[in-house]
file run39.txt (compact mmCIF, C-alpha atoms)
# COMPACT_ATOMS: atom_id res chain seq x y z
CA MET A 1196 -7.64 -13.20 -8.79
CA ALA A 1197 -9.29 -12.76 -12.22
CA GLU A 1198 -11.00 -16.11 -11.90
CA TYR A 1199 -12.72 -14.83 -8.77
CA ALA A 1200 -13.87 -11.50 -10.23
CA VAL A 1201 -17.26 -11.68 -8.51
CA ILE A 1202 -15.64 -12.32 -5.13
CA ASP A 1203 -13.10 -9.55 -5.78
CA ARG A 1204 -15.85 -7.01 -6.40
CA TYR A 1205 -17.56 -8.03 -3.18
CA LEU A 1206 -14.31 -7.78 -1.20
CA SER A 1207 -13.71 -4.29 -2.58
CA GLU A 1208 -17.14 -3.24 -1.37
CA LEU A 1209 -16.59 -4.76 2.05
CA GLU A 1210 -13.16 -3.15 2.23
CA ARG A 1211 -14.81 0.22 1.73
CA GLU A 1212 -17.11 -0.50 4.69
CA VAL A 1213 -14.35 -1.50 7.09
CA ARG A 1214 -11.42 0.51 5.76
CA TRP A 1215 -10.87 2.57 8.88
CA PHE A 1216 -10.76 -0.34 11.30
CA ARG A 1217 -7.35 -1.18 12.72
CA ASP A 1218 -7.80 -4.81 11.71
CA ALA A 1219 -9.33 -4.11 8.28
CA GLU A 1220 -6.66 -6.15 6.53
CA GLU A 1221 -7.25 -9.15 8.79
CA ILE A 1222 -11.02 -8.92 8.30
CA ILE A 1223 -10.58 -9.01 4.52
CA GLU A 1224 -8.15 -11.94 4.77
CA GLU A 1225 -10.54 -13.89 6.96
CA VAL A 1226 -13.53 -13.20 4.72
CA THR A 1227 -11.46 -14.09 1.64
CA ASP A 1228 -10.59 -17.45 3.19
CA HIS A 1229 -14.26 -18.09 3.99
CA LEU A 1230 -15.52 -17.14 0.53
CA LEU A 1231 -12.89 -19.17 -1.35
CA GLU A 1232 -13.66 -22.19 0.76
CA ALA A 1233 -17.40 -21.73 0.18
CA VAL A 1234 -16.82 -21.41 -3.58
CA ALA A 1235 -14.78 -24.65 -3.58
CA VAL A 1236 -17.57 -26.46 -1.70
CA HIS A 1237 -20.27 -25.21 -4.11
CA ALA A 1238 -18.08 -26.10 -7.09
CA ARG A 1239 -17.67 -29.64 -5.76
CA ARG A 1240 -21.46 -29.84 -5.56
CA GLY A 1241 -21.69 -29.10 -9.26
CA LEU A 1242 -22.04 -25.34 -9.64
CA ASP A 1243 -19.93 -23.56 -12.24
CA ARG A 1244 -17.34 -21.00 -11.13
CA ILE A 1245 -19.55 -17.92 -11.45
CA ALA A 1246 -22.62 -19.58 -9.91
CA ALA A 1247 -20.51 -20.90 -7.04
CA GLN A 1248 -19.20 -17.40 -6.30
CA LYS A 1249 -22.66 -15.86 -6.44
CA ARG A 1250 -24.04 -18.54 -4.14
CA ALA A 1251 -21.22 -18.01 -1.64
CA LEU A 1252 -21.85 -14.27 -1.62
CA THR A 1253 -25.61 -14.65 -1.20
CA GLU A 1254 -25.02 -16.84 1.82
CA PHE A 1255 -22.44 -14.45 3.23
CA GLY A 1256 -24.71 -11.41 3.14
CA ASP A 1257 -24.78 -7.87 1.85
CA PRO A 1258 -21.38 -6.13 2.34
CA THR A 1259 -23.00 -3.10 3.93
CA LEU A 1260 -24.82 -5.28 6.45
CA VAL A 1261 -21.67 -7.26 7.19
CA GLY A 1262 -19.59 -4.07 7.48
CA ARG A 1263 -22.06 -2.63 9.96
CA ALA A 1264 -22.05 -5.84 11.96
CA PHE A 1265 -18.26 -5.57 12.20
CA ALA A 1266 -18.58 -1.95 13.25
CA SER A 1267 -20.99 -2.94 16.01
CA THR A 1268 -18.28 -5.05 17.66
CA ARG A 1269 -16.20 -1.93 18.16
CA SER A 1270 -18.52 0.39 19.95
CA GLY A 1271 -21.38 -1.85 20.95
CA GLY A 1272 -23.64 0.28 18.77
CA ILE A 1273 -25.15 -0.49 15.41
CA ALA A 1274 -24.29 1.74 12.47
CA MET A 1275 -27.66 3.15 11.51
CA PRO A 1276 -27.66 5.98 8.98
CA THR A 1277 -30.95 7.85 9.27
CA GLU A 1278 -32.45 10.98 7.81
CA PHE A 1279 -31.05 12.85 10.82
CA THR A 1280 -27.54 11.58 10.27
CA ARG A 1281 -27.77 12.55 6.61
CA ARG A 1282 -28.82 16.05 7.55
CA SER A 1283 -26.09 16.27 10.14
CA GLY A 1284 -23.68 15.45 7.30
CA VAL A 1285 -25.00 18.49 5.44
CA ALA A 1286 -24.53 20.48 8.67
CA LEU A 1287 -20.87 19.43 8.82
CA VAL A 1288 -20.26 20.46 5.21
CA ALA A 1289 -21.95 23.82 5.85
CA SER A 1290 -19.97 24.26 9.07
CA SER A 1291 -16.69 23.69 7.25
CA PHE A 1292 -17.44 26.61 4.91
CA LEU A 1293 -18.82 28.82 7.64
CA TRP A 1294 -15.67 28.65 9.81
CA LEU A 1295 -13.64 29.97 6.88
CA ALA A 1296 -16.23 32.58 5.98
CA ALA A 1297 -16.50 33.74 9.61
CA LEU A 1298 -12.78 34.22 9.99
CA GLY A 1299 -12.78 36.05 6.66
CA PHE A 1300 -15.50 38.45 7.83
CA ILE A 1301 -13.79 39.14 11.16
CA TYR A 1302 -10.43 39.61 9.48
CA TRP A 1303 -12.01 42.01 6.98
CA SER A 1304 -13.73 43.96 9.75
CA ASP A 1305 -10.43 44.27 11.65
CA VAL A 1306 -8.60 45.52 8.57
CA ALA A 1307 -11.40 47.96 7.82
CA ASP A 1308 -11.44 49.05 11.47
CA ARG A 1309 -7.95 50.55 11.22
CA THR A 1310 -8.76 52.76 8.31
CA ARG A 1311 -12.10 54.18 9.36
CA PRO A 1312 -14.18 54.72 12.53
CA TRP A 1313 -15.89 51.76 14.20
CA GLU A 1314 -19.14 52.16 12.33
CA GLY A 1315 -20.76 51.25 9.06
CA LEU A 1316 -19.09 48.47 7.14
CA PRO A 1317 -16.61 47.23 9.79
CA TRP A 1318 -19.35 46.97 12.37
CA ALA A 1319 -21.63 45.10 9.97
CA LEU A 1320 -18.80 42.78 8.99
CA TYR A 1321 -18.00 42.17 12.62
CA LEU A 1322 -21.62 41.23 13.38
CA ILE A 1323 -21.89 39.01 10.31
CA GLY A 1324 -18.62 37.32 11.26
CA THR A 1325 -19.74 36.79 14.84
CA PHE A 1326 -23.05 35.21 13.91
CA THR A 1327 -21.44 33.15 11.18
CA LEU A 1328 -18.99 31.89 13.76
CA MET A 1329 -21.78 30.95 16.15
CA ALA A 1330 -23.71 29.21 13.38
CA ALA A 1331 -20.58 27.24 12.43
CA GLY A 1332 -20.26 26.06 16.04
CA VAL A 1333 -23.92 25.01 16.23
CA LEU A 1334 -23.71 23.12 12.92
CA LEU A 1335 -20.51 21.43 14.06
CA ALA A 1336 -22.24 20.27 17.26
CA ILE A 1337 -25.16 18.89 15.20
CA GLY A 1338 -22.70 17.09 12.94
CA ILE A 1339 -20.90 15.48 15.89
CA LEU A 1340 -24.27 14.40 17.24
CA GLY A 1341 -25.01 12.82 13.85
CA ILE A 1342 -21.77 10.81 13.75
CA ASN A 1343 -22.39 9.68 17.32
CA ARG A 1344 -26.04 8.73 16.73
CA ARG A 1345 -25.25 6.93 13.50
CA HIS A 1346 -23.46 4.43 15.62
CA GLY A 1347 -25.57 4.27 18.76
CA GLY A 1348 -23.35 6.57 20.79
CA GLY A 1349 -20.27 5.11 19.16
CA LEU A 1350 -18.02 8.14 19.69
CA GLY A 1351 -18.16 7.50 23.42
CA ASN A 1352 -17.27 9.99 26.14
CA THR A 1353 -14.59 11.62 23.99
CA GLY A 1354 -17.23 12.30 21.34
CA ARG A 1355 -19.59 13.74 23.94
CA LEU A 1356 -16.78 16.01 25.12
CA ALA A 1357 -16.19 17.13 21.51
CA PHE A 1358 -19.91 17.93 21.21
CA TRP A 1359 -19.97 20.09 24.33
CA ILE A 1360 -16.77 21.88 23.37
CA ALA A 1361 -18.33 22.68 19.98
CA ALA A 1362 -21.43 24.02 21.73
CA LEU A 1363 -19.30 26.08 24.11
CA THR A 1364 -17.22 27.41 21.20
CA SER A 1365 -20.42 28.61 19.61
CA VAL A 1366 -21.44 30.45 22.78
CA THR A 1367 -18.02 32.02 23.37
CA ALA A 1368 -17.89 33.10 19.72
CA PHE A 1369 -20.50 35.72 20.68
CA GLY A 1370 -17.53 37.61 22.06
CA SER A 1371 -15.65 37.10 18.85
CA TRP A 1372 -13.22 39.94 19.65
CA ALA A 1373 -11.78 37.63 22.34
CA TRP A 1374 -10.53 35.43 19.54
CA GLY A 1375 -7.96 33.75 21.78
CA VAL A 1376 -10.77 32.17 23.81
CA TRP A 1377 -12.96 30.75 21.07
CA LEU A 1378 -10.04 29.83 18.85
CA SER A 1379 -8.46 27.89 21.73
CA LEU A 1380 -11.71 26.08 22.40
CA PHE A 1381 -12.10 25.48 18.67
CA GLY A 1382 -8.63 23.92 18.46
CA VAL A 1383 -9.06 21.77 21.55
CA GLY A 1384 -12.50 20.66 20.29
CA ALA A 1385 -11.05 19.75 16.89
CA MET A 1386 -8.35 17.62 18.48
CA VAL A 1387 -10.81 15.93 20.84
CA LEU A 1388 -13.07 15.13 17.86
CA ALA A 1389 -10.09 13.70 15.96
CA ILE A 1390 -9.22 11.47 18.93
CA ALA A 1391 -12.84 10.33 19.24
CA VAL A 1392 -12.98 9.40 15.54
CA HIS A 1393 -9.62 7.65 15.70
CA ARG A 1394 -10.42 5.64 18.82
CA SER A 1395 -13.95 4.67 17.87
CA GLU A 1396 -13.10 3.51 14.33
CA ILE A 1397 -16.61 4.36 13.20
CA ALA A 1398 -15.81 7.19 10.77
CA PRO A 1399 -13.12 7.98 8.19
CA LYS A 1400 -9.91 8.36 10.18
CA THR A 1401 -8.02 10.50 7.65
CA ALA A 1402 -10.79 13.09 7.69
CA GLY A 1403 -10.68 13.06 11.49
CA LEU A 1404 -6.93 13.48 11.41
CA LEU A 1405 -7.20 16.53 9.13
CA VAL A 1406 -9.74 18.06 11.50
CA GLY A 1407 -7.36 17.56 14.44
CA ILE A 1408 -4.25 18.82 12.65
CA GLY A 1409 -6.02 21.82 11.14
CA GLY A 1410 -7.75 22.83 14.37
CA GLY A 1411 -4.55 22.38 16.34
CA LEU A 1412 -2.56 24.43 13.85
CA ALA A 1413 -5.06 27.29 13.91
CA ALA A 1414 -5.24 27.41 17.71
CA GLY A 1415 -1.50 26.85 18.09
CA ALA A 1416 -0.65 29.67 15.68
CA ALA A 1417 -2.98 31.98 17.56
CA TRP A 1418 -1.27 31.25 20.85
CA VAL A 1419 2.27 31.46 19.52
CA PHE A 1420 1.62 34.90 18.12
CA GLN A 1421 -0.33 35.95 21.17
CA LEU A 1422 2.62 35.10 23.41
CA THR A 1423 5.37 36.44 21.17
CA SER A 1424 3.80 39.61 19.74
CA GLU A 1425 2.16 42.76 20.96
CA PRO A 1426 -1.59 42.44 21.52
CA VAL A 1427 -2.99 42.09 18.05
CA THR A 1428 -6.28 41.66 16.26
CA LEU A 1429 -6.99 39.10 13.62
CA GLY A 1430 -6.37 41.70 10.94
CA SER A 1431 -3.06 42.97 12.20
CA GLY A 1432 -0.65 40.09 12.23
CA GLY A 1433 1.04 37.75 9.81
CA PHE A 1434 -0.18 34.90 11.99
CA THR A 1435 -3.61 35.20 10.37
CA ALA A 1436 -2.20 33.32 7.38
CA TRP A 1437 -1.29 30.42 9.68
CA ILE A 1438 -4.73 30.45 11.23
CA PHE A 1439 -6.31 30.39 7.76
CA ALA A 1440 -4.01 27.57 6.70
CA GLY A 1441 -5.06 25.58 9.75
CA LEU A 1442 -8.71 26.33 9.08
CA VAL A 1443 -8.43 25.22 5.45
CA ILE A 1444 -6.98 21.85 6.54
CA TYR A 1445 -9.65 21.59 9.23
CA SER A 1446 -12.42 22.43 6.76
CA VAL A 1447 -11.27 19.84 4.24
CA GLY A 1448 -11.41 17.19 6.98
CA LEU A 1449 -14.76 18.35 8.30
CA ALA A 1450 -16.29 18.55 4.82
CA SER A 1451 -15.03 15.01 4.09
CA LEU A 1452 -16.72 13.75 7.24
CA GLY A 1453 -19.88 15.57 6.22
CA VAL A 1454 -19.90 14.21 2.67
CA TRP A 1455 -19.37 10.68 4.01
CA LEU A 1456 -22.23 11.08 6.45
CA LYS A 1457 -24.67 12.71 4.04
CA THR A 1458 -24.19 10.30 1.17
CA GLU A 1459 -25.03 7.20 3.21
CA GLU A 1460 -28.38 5.66 2.45
CA PRO A 1461 -30.69 5.78 5.49
CA VAL A 1462 -31.41 2.33 6.86
CA ASP A 1463 -34.80 1.72 8.37
CA GLN A 1464 -34.34 -1.88 9.40
CA PRO A 1465 -31.80 -2.69 12.10
CA ASP A 1466 -29.39 -5.53 11.68
CA PRO A 1467 -30.74 -8.18 14.06
CA ILE A 1468 -27.55 -10.18 14.28
CA ALA A 1469 -25.39 -7.24 15.22
CA THR A 1470 -27.45 -6.85 18.37
CA ALA A 1471 -27.52 -10.56 19.14
CA MET B 1435 -35.66 -19.25 12.36
CA ARG B 1436 -35.13 -15.55 11.67
CA GLY B 1437 -32.00 -13.80 12.91
CA GLN B 1438 -34.10 -11.74 15.30
CA ALA B 1439 -35.06 -14.90 17.19
CA LEU B 1440 -31.38 -15.62 17.69
CA LYS B 1441 -30.89 -12.36 19.52
CA GLY B 1442 -29.05 -13.03 22.73
CA HIS B 1443 -28.36 -16.69 21.90
CA LEU B 1444 -25.81 -16.47 19.13
CA ASP B 1445 -22.91 -16.12 21.56
CA LEU B 1446 -23.96 -19.28 23.39
CA LEU B 1447 -24.28 -21.22 20.13
CA LEU B 1448 -20.88 -20.10 18.87
CA LEU B 1449 -19.15 -20.93 22.16
CA ALA B 1450 -20.79 -24.37 22.12
CA VAL B 1451 -19.60 -25.05 18.58
CA VAL B 1452 -16.01 -23.95 19.28
CA ALA B 1453 -15.99 -25.92 22.57
CA ASP B 1454 -15.58 -29.17 20.60
CA GLY B 1455 -12.21 -28.06 19.26
CA PRO B 1456 -10.45 -25.23 17.42
CA LYS B 1457 -12.24 -24.16 14.25
CA HIS B 1458 -11.93 -21.49 11.59
CA GLY B 1459 -14.91 -19.30 10.73
CA TYR B 1460 -16.21 -21.40 7.85
CA ALA B 1461 -16.07 -24.57 9.97
CA VAL B 1462 -17.90 -22.82 12.82
CA ILE B 1463 -20.70 -21.77 10.47
CA GLU B 1464 -20.91 -25.21 8.85
CA GLU B 1465 -21.09 -26.88 12.26
CA LEU B 1466 -23.79 -24.44 13.34
CA ARG B 1467 -25.72 -25.24 10.18
CA LEU B 1468 -25.35 -29.00 10.61
CA ARG B 1469 -26.25 -29.12 14.28
CA SER B 1470 -29.26 -26.84 13.83
CA GLU B 1471 -30.32 -28.67 10.66
CA ASP B 1472 -30.41 -25.36 8.78
CA ALA B 1473 -32.84 -23.88 11.27
CA PHE B 1474 -31.05 -20.52 11.58
CA ASP B 1475 -31.51 -18.17 8.67
CA LEU B 1476 -28.70 -15.68 9.21
CA PRO B 1477 -26.17 -14.13 6.84
CA GLU B 1478 -22.88 -15.97 7.36
CA GLY B 1479 -20.93 -12.73 7.29
CA THR B 1480 -22.55 -11.55 10.49
CA VAL B 1481 -21.13 -14.53 12.41
CA TYR B 1482 -17.58 -13.15 12.06
CA PRO B 1483 -18.28 -9.94 13.97
CA ALA B 1484 -19.82 -12.09 16.72
CA LEU B 1485 -16.65 -14.23 16.81
CA HIS B 1486 -14.55 -11.07 17.03
CA ARG B 1487 -16.74 -9.77 19.82
CA LEU B 1488 -16.31 -13.02 21.76
CA GLU B 1489 -12.57 -12.81 21.27
CA LYS B 1490 -12.56 -9.22 22.47
CA ALA B 1491 -14.47 -10.34 25.57
CA GLY B 1492 -11.82 -12.98 26.25
CA TYR B 1493 -14.09 -15.98 25.60
CA LEU B 1494 -12.22 -17.01 22.46
CA SER B 1495 -8.64 -16.71 21.30
CA SER B 1496 -7.47 -16.89 17.72
CA SER B 1497 -4.33 -17.69 15.77
CA TRP B 1498 -3.34 -17.45 12.11
CA SER B 1499 -1.94 -20.18 9.92
CA GLU B 1500 -1.28 -20.71 6.22
CA VAL B 1501 -3.65 -23.10 4.42
CA GLN B 1502 -3.68 -23.64 0.65
CA GLY B 1503 -1.70 -20.47 0.10
CA ARG B 1504 -4.01 -18.21 2.06
CA ARG B 1505 -4.11 -17.06 5.66
CA ARG B 1506 -6.64 -18.70 7.94
CA ARG B 1507 -7.80 -17.63 11.39
CA THR B 1508 -8.65 -20.36 13.86
CA TYR B 1509 -10.66 -19.82 17.04
CA ARG B 1510 -10.27 -21.65 20.36
CA LEU B 1511 -12.33 -21.55 23.52
CA THR B 1512 -10.48 -19.95 26.43
CA LYS B 1513 -10.80 -20.89 30.09
CA ARG B 1514 -13.00 -17.88 30.59
CA GLY B 1515 -15.10 -18.86 27.57
CA SER B 1516 -15.47 -22.36 28.92
CA SER B 1517 -16.83 -21.17 32.24
CA ALA B 1518 -19.10 -18.63 30.48
CA LEU B 1519 -20.43 -21.44 28.30
CA GLY B 1520 -21.18 -23.55 31.37
CA GLU B 1521 -23.09 -20.71 33.01
CA GLN B 1522 -25.01 -19.82 29.85
CA ARG B 1523 -25.84 -23.45 29.21
CA GLN B 1524 -27.32 -23.84 32.66
CA SER B 1525 -29.22 -20.60 32.37
CA TRP B 1526 -30.60 -21.65 28.96
CA ASN B 1527 -31.67 -25.05 30.29
CA GLU B 1528 -33.54 -23.46 33.18
CA PHE B 1529 -35.14 -20.95 30.85
CA SER B 1530 -36.20 -23.51 28.21
CA GLN B 1531 -37.59 -25.87 30.85
CA ALA B 1532 -39.61 -23.05 32.37
CA VAL B 1533 -40.96 -22.04 28.95
CA GLY B 1534 -41.75 -25.68 28.21
CA ARG B 1535 -43.70 -26.04 31.43
CA VAL B 1536 -45.72 -22.93 30.66
CA LEU B 1537 -46.46 -24.01 27.10
CA LYS B 1538 -47.61 -27.45 28.22
CA GLY B 1539 -50.21 -25.92 30.49
CA VAL B 1540 -53.71 -25.36 29.08
CA PRO B 1541 -55.08 -21.87 29.74
CA TRP B 1542 -58.57 -21.62 31.33
CA PRO B 1543 -61.01 -20.97 29.89
CA SER B 1544 -59.40 -22.72 26.98
CA THR B 1545 -59.54 -21.07 23.59
CA PRO B 1546 -60.34 -23.05 20.45

call {"tool": "encode", "arguments": {"input": "run39.txt", "output": "structure tokens"}}
result
Amino acid sequence: MAEYAVIDRYLSELEREVRWFRDAEEIIEEVTDHLLEAVAVHARRGLDRIAAQKRALTEFGDPTLVGRAFASTRSGGIAMPTEFTRRSGVALVASSFLWLAALGFIYWSDVADRTRPWEGLPWALYLIGTFTLMAAGVLLAIGILGINRRHGGGLGNTGRLAFWIAALTSVTAFGSWAWGVWLSLFGVGAMVLAIAVHRSEIAPKTAGLLVGIGGGLAAGAAWVFQLTSEPVTLGSGGFTAWIFAGLVIYSVGLASLGVWLKTEEPVDQPDPIATA
Amino acid sequence: MRGQALKGHLDLLLLAVVADGPKHGYAVIEELRLRSEDAFDLPEGTVYPALHRLEKAGYLSSSWSEVQGRRRRTYRLTKRGSSALGEQRQSWNEFSQAVGRVLKGVPWPSTP
């Protein structure tokens, strides 16, 4: 639609705003129909093609505002990026790195533990790993809170469950040697978060999916090896590679969610129509 | 009238406009503009989410057709929407009459 280049640009922007809705394609088709009809009406009234397109778009409204109004019909909440939600995006990005780092520290401490007494470096690594793990859980919980608040509680009960599981994971991580416990909680929490994101349609679904798959893989690998092998530590089994693989997938998803959340411009004024 | 003043009334207005017969989004907005004599200053794009919300609530139904080579969505009032419109209309009439009665009254002591 080269002759409608101005409209096309607008539609691309709106598409970005609504891309994770189930009916995104229908929304774009409906808006396209509206805009082309509006352009035809303005053209009949004497405006040239470019002016008619610009007029139609001015009347239609800012794509971000319109996208948020569409989002509000899904959860009943208004998408409202704030300074808090931006910071919670940073928390999610940090959390994604910390999960990997924590597992690395604990793995390293376990490997070191077999070659020398439980003192010095292994002990320090173990403590660093434990606290890194707890910090990752806390930051994850803050991030989930941010996604939820951005949309007036849009993640719903499933999102609230994901938040509490993240908080509980952080607490249980204090006993990081019981890796089966926190890793199970971690995996269940990741899958619950993925379901919340998918159902609510208020955040990038692909990122949510990666979080769910990665978390599930990490927890699943841990349990498979737990049930089929002798009691092992994180540093003693080949399964650690599977857990790391799961965590990498999880972290990519979580970091994507965080980047999305942190790069949104805070909005101070609510959209009055979305609440009407 | 600013969008904020429409808060809570947009659903009633949209149901009333669609009650006259099936309409697509652009026609709904045009009708709203005509009947209100351009009194409502609201971005047109925000009307669509409201239409979707009303459909989700069961007050409207929609169907797709092909017009001038592009797909068009047309909204119709459902039975449920019709009865909701009746109730909201009555409630609005009572409310506006009550406000009118209050505004007609002169407060004492009267202020200049």

call {"tool": "closest_residue", "arguments": {"input": "run39.txt", "among": "B:Leu1466, B:Leu1448, B:Ala1453, B:Leu1476", "to": "chain A", "atoms": "all atoms listed in the file"}}
result
B:Leu1476

call {"tool": "atom_distance", "arguments": {"input": "run39.txt", "atom1": "CA of Ala1461 in chain B", "atom2": "CA of Arg1510 in chain B"}}
result
12.3 Å

call {"tool": "interface_residues", "arguments": {"input": "run39.txt", "of": "chain B", "to": "chain A", "cutoff": "8 Å", "atoms": "all atoms listed in the file", "output": "JSON, numbers by chain"}}
result
{"B": [1437, 1438, 1440, 1441, 1442, 1443, 1444, 1445, 1459, 1460, 1476, 1477, 1478, 1479, 1480, 1481, 1482, 1483, 1484, 1486, 1487, 1504, 1505, 1506, 1507]}

call {"tool": "write_last_selection", "arguments": {"input": "run39.txt", "atoms": "C-alpha atoms", "output": "PDB file, in the frame of the given file"}}
result
ATOM      1  CA  GLY B1437     -32.000 -13.800  12.910  1.00  0.00           C
ATOM      2  CA  GLN B1438     -34.100 -11.740  15.300  1.00  0.00           C
ATOM      3  CA  LEU B1440     -31.380 -15.620  17.690  1.00  0.00           C
ATOM      4  CA  LYS B1441     -30.890 -12.360  19.520  1.00  0.00           C
ATOM      5  CA  GLY B1442     -29.050 -13.030  22.730  1.00  0.00           C
ATOM      6  CA  HIS B1443     -28.360 -16.690  21.900  1.00  0.00           C
ATOM      7  CA  LEU B1444     -25.810 -16.470  19.130  1.00  0.00           C
ATOM      8  CA  ASP B1445     -22.910 -16.120  21.560  1.00  0.00           C
ATOM      9  CA  GLY B1459     -14.910 -19.300  10.730  1.00  0.00           C
ATOM     10  CA  TYR B1460     -16.210 -21.400   7.850  1.00  0.00           C
ATOM     11  CA  LEU B1476     -28.700 -15.680   9.210  1.00  0.00           C
ATOM     12  CA  PRO B1477     -26.170 -14.130   6.840  1.00  0.00           C
ATOM     13  CA  GLU B1478     -22.880 -15.970   7.360  1.00  0.00           C
ATOM     14  CA  GLY B1479     -20.930 -12.730   7.290  1.00  0.00           C
ATOM     15  CA  THR B1480     -22.550 -11.550  10.490  1.00  0.00           C
ATOM     16  CA  VAL B1481     -21.130 -14.530  12.410  1.00  0.00           C
ATOM     17  CA  TYR B1482     -17.580 -13.150  12.060  1.00  0.00           C
ATOM     18  CA  PRO B1483     -18.280  -9.940  13.970  1.00  0.00           C
ATOM     19  CA  ALA B1484     -19.820 -12.090  16.720  1.00  0.00           C
ATOM     20  CA  HIS B1486     -14.550 -11.070  17.030  1.00  0.00           C
ATOM     21  CA  ARG B1487     -16.740  -9.770  19.820  1.00  0.00           C
ATOM     22  CA  ARG B1504      -4.010 -18.210   2.060  1.00  0.00           C
ATOM     23  CA  ARG B1505      -4.110 -17.060   5.660  1.00  0.00           C
ATOM     24  CA  ARG B1506      -6.640 -18.700   7.940  1.00  0.00           C
ATOM     25  CA  ARG B1507      -7.800 -17.630  11.390  1.00  0.00           C
TER      26      ARG B1507
END

call {"tool": "atom_distance", "arguments": {"input": "run39.txt", "atom1": "CA of Leu1328 in chain A", "atom2": "CA of Ile1408 in chain A"}}
result
19.7 Å

call {"tool": "closest_residue", "arguments": {"input": "run39.txt", "among": "B:Val1462, B:Leu1449, B:Val1536, B:Val1501", "to": "Lys1513 in chain B", "atoms": "all atoms listed in the file"}}
result
B:Leu1449

call {"tool": "residues_around", "arguments": {"input": "run39.txt", "residues": "range 1349-1359 of chain A", "least_positions_apart": "6", "cutoff": "10 Å", "atoms": "only C-alpha atoms", "output": "PDB file with C-alpha atoms, in the coordinates of the input"}}
result
ATOM      1  CA  ALA A1266     -18.580  -1.950  13.250  1.00  0.00           C
ATOM      2  CA  SER A1267     -20.990  -2.940  16.010  1.00  0.00           C
ATOM      3  CA  ARG A1269     -16.200  -1.930  18.160  1.00  0.00           C
ATOM      4  CA  SER A1270     -18.520   0.390  19.950  1.00  0.00           C
ATOM      5  CA  GLY A1271     -21.380  -1.850  20.950  1.00  0.00           C
ATOM      6  CA  GLY A1272     -23.640   0.280  18.770  1.00  0.00           C
ATOM      7  CA  ILE A1273     -25.150  -0.490  15.410  1.00  0.00           C
ATOM      8  CA  ALA A1274     -24.290   1.740  12.470  1.00  0.00           C
ATOM      9  CA  GLY A1332     -20.260  26.060  16.040  1.00  0.00           C
ATOM     10  CA  VAL A1333     -23.920  25.010  16.230  1.00  0.00           C
ATOM     11  CA  LEU A1335     -20.510  21.430  14.060  1.00  0.00           C
ATOM     12  CA  ALA A1336     -22.240  20.270  17.260  1.00  0.00           C
ATOM     13  CA  ILE A1337     -25.160  18.890  15.200  1.00  0.00           C
ATOM     14  CA  GLY A1338     -22.700  17.090  12.940  1.00  0.00           C
ATOM     15  CA  ILE A1339     -20.900  15.480  15.890  1.00  0.00           C
ATOM     16  CA  LEU A1340     -24.270  14.400  17.240  1.00  0.00           C
ATOM     17  CA  ILE A1342     -21.770  10.810  13.750  1.00  0.00           C
ATOM     18  CA  ASN A1343     -22.390   9.680  17.320  1.00  0.00           C
ATOM     19  CA  SER A1365     -20.420  28.610  19.610  1.00  0.00           C
ATOM     20  CA  PHE A1381     -12.100  25.480  18.670  1.00  0.00           C
ATOM     21  CA  VAL A1383      -9.060  21.770  21.550  1.00  0.00           C
ATOM     22  CA  GLY A1384     -12.500  20.660  20.290  1.00  0.00           C
ATOM     23  CA  ALA A1385     -11.050  19.750  16.890  1.00  0.00           C
ATOM     24  CA  MET A1386      -8.350  17.620  18.480  1.00  0.00           C
ATOM     25  CA  VAL A1387     -10.810  15.930  20.840  1.00  0.00           C
ATOM     26  CA  LEU A1388     -13.070  15.130  17.860  1.00  0.00           C
ATOM     27  CA  ALA A1389     -10.090  13.700  15.960  1.00  0.00           C
ATOM     28  CA  ILE A1390      -9.220  11.470  18.930  1.00  0.00           C
ATOM     29  CA  ALA A1391     -12.840  10.330  19.240  1.00  0.00           C
ATOM     30  CA  VAL A1392     -12.980   9.400  15.540  1.00  0.00           C
ATOM     31  CA  HIS A1393      -9.620   7.650  15.700  1.00  0.00           C
ATOM     32  CA  ARG A1394     -10.420   5.640  18.820  1.00  0.00           C
ATOM     33  CA  SER A1395     -13.950   4.670  17.870  1.00  0.00           C
ATOM     34  CA  GLU A1396     -13.100   3.510  14.330  1.00  0.00           C
ATOM     35  CA  ILE A1397     -16.610   4.360  13.200  1.00  0.00           C
ATOM     36  CA  ALA A1398     -15.810   7.190  10.770  1.00  0.00           C
TER      37      ALA A1398
END

call {"tool": "atom_distance", "arguments": {"input": "run39.txt", "atom1": "CA of Ala1362 in chain A", "atom2": "CA of Phe1216 in chain A"}}
result
28.6 Å

call {"tool": "closest_residue", "arguments": {"input": "run39.txt", "among": "A:His1346, A:Thr1327, A:Val1236, A:Glu1208", "to": "Val1366 in chain A", "atoms": "all atoms listed in the file"}}
result
A:Thr1327

call {"tool": "closest_residue", "arguments": {"input": "run39.txt", "among": "B:Ser1470, B:Ile1463, B:Gly1492, B:Glu1500", "to": "Ser1517 in chain B", "atoms": "only C-alpha atoms"}}
result
B:Gly1492

call {"tool": "residues_around", "arguments": {"input": "run39.txt", "residues": "range 1415-1420 of chain A", "least_positions_apart": "2", "cutoff": "7 Å", "atoms": "all atoms listed in the file", "output": "list in words"}}
result
Gly1375, Gly1411, Leu1412, Ala1413, Leu1422, Thr1423, Ser1424, Phe1434, Trp1437 and Ile1438 of chain A

call {"tool": "residues_near_point", "arguments": {"input": "run39.txt", "point": "(-5.8, -29.3, 18.9)", "cutoff": "12 Å", "atoms": "all atoms listed in the file", "output": "list in words"}}
result
Val1452, Ala1453, Asp1454, Gly1455, Pro1456, Lys1457, Thr1508, Tyr1509, Arg1510 and Leu1511 of chain B

call {"tool": "closest_residue", "arguments": {"input": "run39.txt", "among": "A:Met1329, A:Val1443, A:Leu1452, A:Ile1245", "to": "Phe1369 in chain A", "atoms": "all atoms listed in the file"}}
result
A:Met1329
